[in-house]
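The data block below is start_29.csv; it holds CSV, C-alpha atoms.
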chain,number,residue,atom,x,y,z
A,20,MET,CA,-120.2,104.8,79.8
A,21,SER,CA,-119.8,108.5,79.3
A,22,SER,CA,-118.8,110.0,76.0
A,23,GLU,CA,-115.4,110.9,77.4
A,24,SER,CA,-114.5,107.3,78.4
A,25,GLY,CA,-114.7,105.5,75.1
A,26,THR,CA,-112.4,105.6,72.1
A,27,PHE,CA,-112.9,104.7,68.4
A,28,GLY,CA,-110.1,103.2,66.4
A,29,HIS,CA,-109.8,101.8,62.9
A,30,ALA,CA,-107.7,99.5,60.8
A,31,ASP,CA,-107.3,99.8,57.0
A,32,LEU,CA,-107.2,96.1,56.6
A,33,GLY,CA,-107.8,96.2,52.8
A,34,ALA,CA,-104.5,98.0,52.4
A,35,THR,CA,-102.5,95.7,54.6
A,36,SER,CA,-104.0,92.3,53.7
A,37,THR,CA,-102.9,90.5,50.5
A,38,SER,CA,-106.1,88.5,50.1
A,39,ALA,CA,-109.6,88.1,51.6
A,40,SER,CA,-108.5,85.0,53.5
A,41,ASP,CA,-105.7,86.7,55.4
A,42,ASP,CA,-106.2,86.7,59.1
A,43,VAL,CA,-105.5,89.6,61.4
A,44,VAL,CA,-104.1,88.3,64.7
A,45,VAL,CA,-104.9,90.3,67.9
A,46,SER,CA,-102.6,89.2,70.7
A,47,ARG,CA,-104.4,91.3,73.4
A,48,TRP,CA,-107.9,92.7,73.3
A,49,ASP,CA,-106.9,96.1,74.5
A,50,ARG,CA,-105.7,99.3,72.8
A,51,GLY,CA,-102.1,98.1,72.8
A,52,GLY,CA,-102.9,94.7,71.3
A,53,LEU,CA,-105.2,96.3,68.7
A,54,GLY,CA,-102.4,98.8,67.8
A,55,ASP,CA,-100.0,95.9,67.3
A,56,ALA,CA,-102.6,94.3,65.0
A,57,GLY,CA,-102.8,97.4,62.8
A,58,PHE,CA,-105.5,99.5,64.4
A,59,HIS,CA,-104.7,103.2,64.6
A,60,GLY,CA,-106.3,106.6,64.8
A,61,PHE,CA,-107.8,106.2,68.2
A,62,VAL,CA,-110.1,109.1,69.0
A,63,ARG,CA,-112.3,109.9,72.1
A,64,PHE,CA,-116.0,109.8,71.4
A,65,SER,CA,-116.2,113.5,72.3
A,66,GLU,CA,-113.7,114.3,69.6
A,67,LEU,CA,-115.1,112.1,66.9
A,68,PRO,CA,-117.4,114.7,65.1
A,69,ALA,CA,-114.3,116.8,64.3
A,70,ALA,CA,-111.9,113.9,63.7
A,71,ASP,CA,-110.5,113.0,60.3
A,72,VAL,CA,-112.2,109.6,60.0
A,73,PRO,CA,-111.1,107.6,57.0
A,74,ALA,CA,-113.5,107.1,54.1
A,75,GLU,CA,-111.9,103.7,53.1
A,76,GLU,CA,-113.2,100.3,53.8
A,77,GLY,CA,-111.9,98.8,57.0
A,78,VAL,CA,-112.7,97.5,60.5
A,79,TYR,CA,-113.3,99.7,63.5
A,80,VAL,CA,-113.5,99.1,67.2
A,81,VAL,CA,-114.9,100.8,70.2
A,82,VAL,CA,-112.6,100.4,73.2
A,83,ARG,CA,-112.9,101.2,76.9
A,84,PRO,CA,-109.8,102.7,78.5
A,85,SER,CA,-110.0,100.0,81.2
A,86,VAL,CA,-111.0,96.4,81.7
A,87,GLU,CA,-112.4,97.2,85.2
A,88,PRO,CA,-116.1,96.5,85.3
A,89,PRO,CA,-118.2,99.6,84.8
A,90,SER,CA,-120.9,100.9,87.2
A,91,PHE,CA,-124.4,100.2,86.0
A,92,ARG,CA,-127.5,102.4,86.6
A,93,ALA,CA,-130.4,100.9,88.5
A,94,VAL,CA,-132.8,102.7,86.0
A,95,SER,CA,-132.0,103.2,82.4
A,96,PRO,CA,-132.0,106.9,81.2
A,97,ALA,CA,-133.0,105.7,77.7
A,98,VAL,CA,-136.5,106.5,76.3
A,99,TRP,CA,-139.3,103.9,76.6
A,100,PHE,CA,-140.1,102.3,73.2
A,101,LYS,CA,-143.7,101.1,72.5
A,102,GLY,CA,-144.4,101.3,76.2
A,103,GLN,CA,-141.5,99.1,77.2
A,104,ASP,CA,-139.1,100.2,80.0
A,105,PRO,CA,-135.5,99.6,78.6
A,106,THR,CA,-134.1,99.0,82.1
A,107,VAL,CA,-132.2,95.8,82.6
A,108,PRO,CA,-131.6,94.5,86.1
A,109,VAL,CA,-128.1,95.3,87.3
A,110,ASP,CA,-127.4,91.7,88.4
A,111,MET,CA,-128.2,90.6,84.8
A,112,LEU,CA,-125.8,93.3,83.4
A,113,ARG,CA,-123.0,92.3,85.7
A,114,ALA,CA,-123.4,88.6,84.8
A,115,ALA,CA,-123.3,89.4,81.1
A,116,TRP,CA,-120.2,91.7,81.3
A,117,THR,CA,-116.9,90.4,80.0
A,118,ASP,CA,-113.4,91.3,81.0
A,119,SER,CA,-112.5,92.9,77.6
A,120,ALA,CA,-111.7,96.5,76.8
A,121,VAL,CA,-113.4,96.0,73.4
A,122,LEU,CA,-117.0,97.0,73.4
A,123,TYR,CA,-117.8,96.7,69.7
A,124,ILE,CA,-116.2,95.6,66.4
A,125,GLY,CA,-117.7,96.8,63.1
A,126,LYS,CA,-116.9,96.8,59.4
A,127,ALA,CA,-117.1,99.9,57.3
A,128,GLY,CA,-117.6,99.0,53.7
A,129,ARG,CA,-118.4,100.5,50.3
A,130,VAL,CA,-121.9,101.8,49.9
A,131,ARG,CA,-123.6,99.8,47.2
A,132,ARG,CA,-126.6,101.1,45.3
A,133,VAL,CA,-129.4,98.8,44.7
A,134,GLY,CA,-131.6,99.2,41.7
A,135,VAL,CA,-131.3,101.1,38.5
A,136,ALA,CA,-128.4,103.5,38.4
Please go through the file and, once you have read it, give me the structure as structure tokens.
Amino acid sequence: MSSESGTFGHADLGATSTSASDDVVVSRWDRGGLGDAGFHGFVRFSELPAADVPAEEGVYVVVRPSVEPPSFRAVSPAVWFKGQDPTVPVDMLRAAWTDSAVLYIGKAGRVRRVGVA
């Protein structure tokens, strides 16, 4: 996936939920369904460094603009680590791919210091 094709969105769930046990219901796992569930501020990866990303706790998602399967490279451009080739066979990648636009869901929380303050 190129840096132009993905978007980053966030939801300030702490501000919209009344308790830790509240559920957020996502009807469709695409940008529209995520917007209906309270996610907003979608920004292209290429625009992220200059974007006004919130500092509050919340949940964020990385979304593809399409649910169409991506094309996979036969050889990974990533660097080798400890002498290991990072390339994964294309057939294995295709078999593992899901039909969702959502690539990643993460939680941004408060930074807590450990130790003596």
In Å, rounded to a single decimal, give me how far CA of Val81 (chain A) is from CA of Pro105 (chain A). 22.3 Å
Atom-to-atom span, CA of Gly52 (chain A) and CA of Pro88 (chain A), Å: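 Going from CA of Gly52 (chain A) over to CA of Pro88 (chain A) covers 19.3 Å.
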Long-range neighbours of Ser119 (chain A) as number ranges by chain, 10 Å cut-off, only C-alpha atoms, 5 positions minimum in chain: A: 47-49, 82-83, 85-88
What lies within 9 Å of Arg50 (chain A) using all atoms listed in the file, ignoring chain neighbours under 5 positions off, as a PyMOL selection string? chain A and resi 28+55+58+61+82-84+120-121
Could you list as a list in words every residue that has an atom within 12 Å of (-130.3, 96.5, 90.9), using the file's coordinates and counting only C-alpha atoms? Ser90, Phe91, Arg92, Ala93, Val94, Ser95, Thr106, Val107, Pro108, Val109, Asp110, Met111, Leu112 and Arg113 of chain A
For the atom pair CA of Gly57 (chain A) and CA of Tyr123 (chain A), what is the interatomic distance in Å to one decimal place?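 The value is 16.5 Å.
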In terms of the shortest atom-to-atom distance over only C-alpha atoms, which of A:Ala97, A:Gly77, A:Asp118, A:Asp104 is closest to His59 (chain A)? A:Gly77
Option closest in space to Ala56 (chain A), from A:Ile124, A:Val44, A:Val78, A:Trp116 [counting only C-alpha atoms]: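 The closest residue to Ala56 (chain A) is A:Val44.
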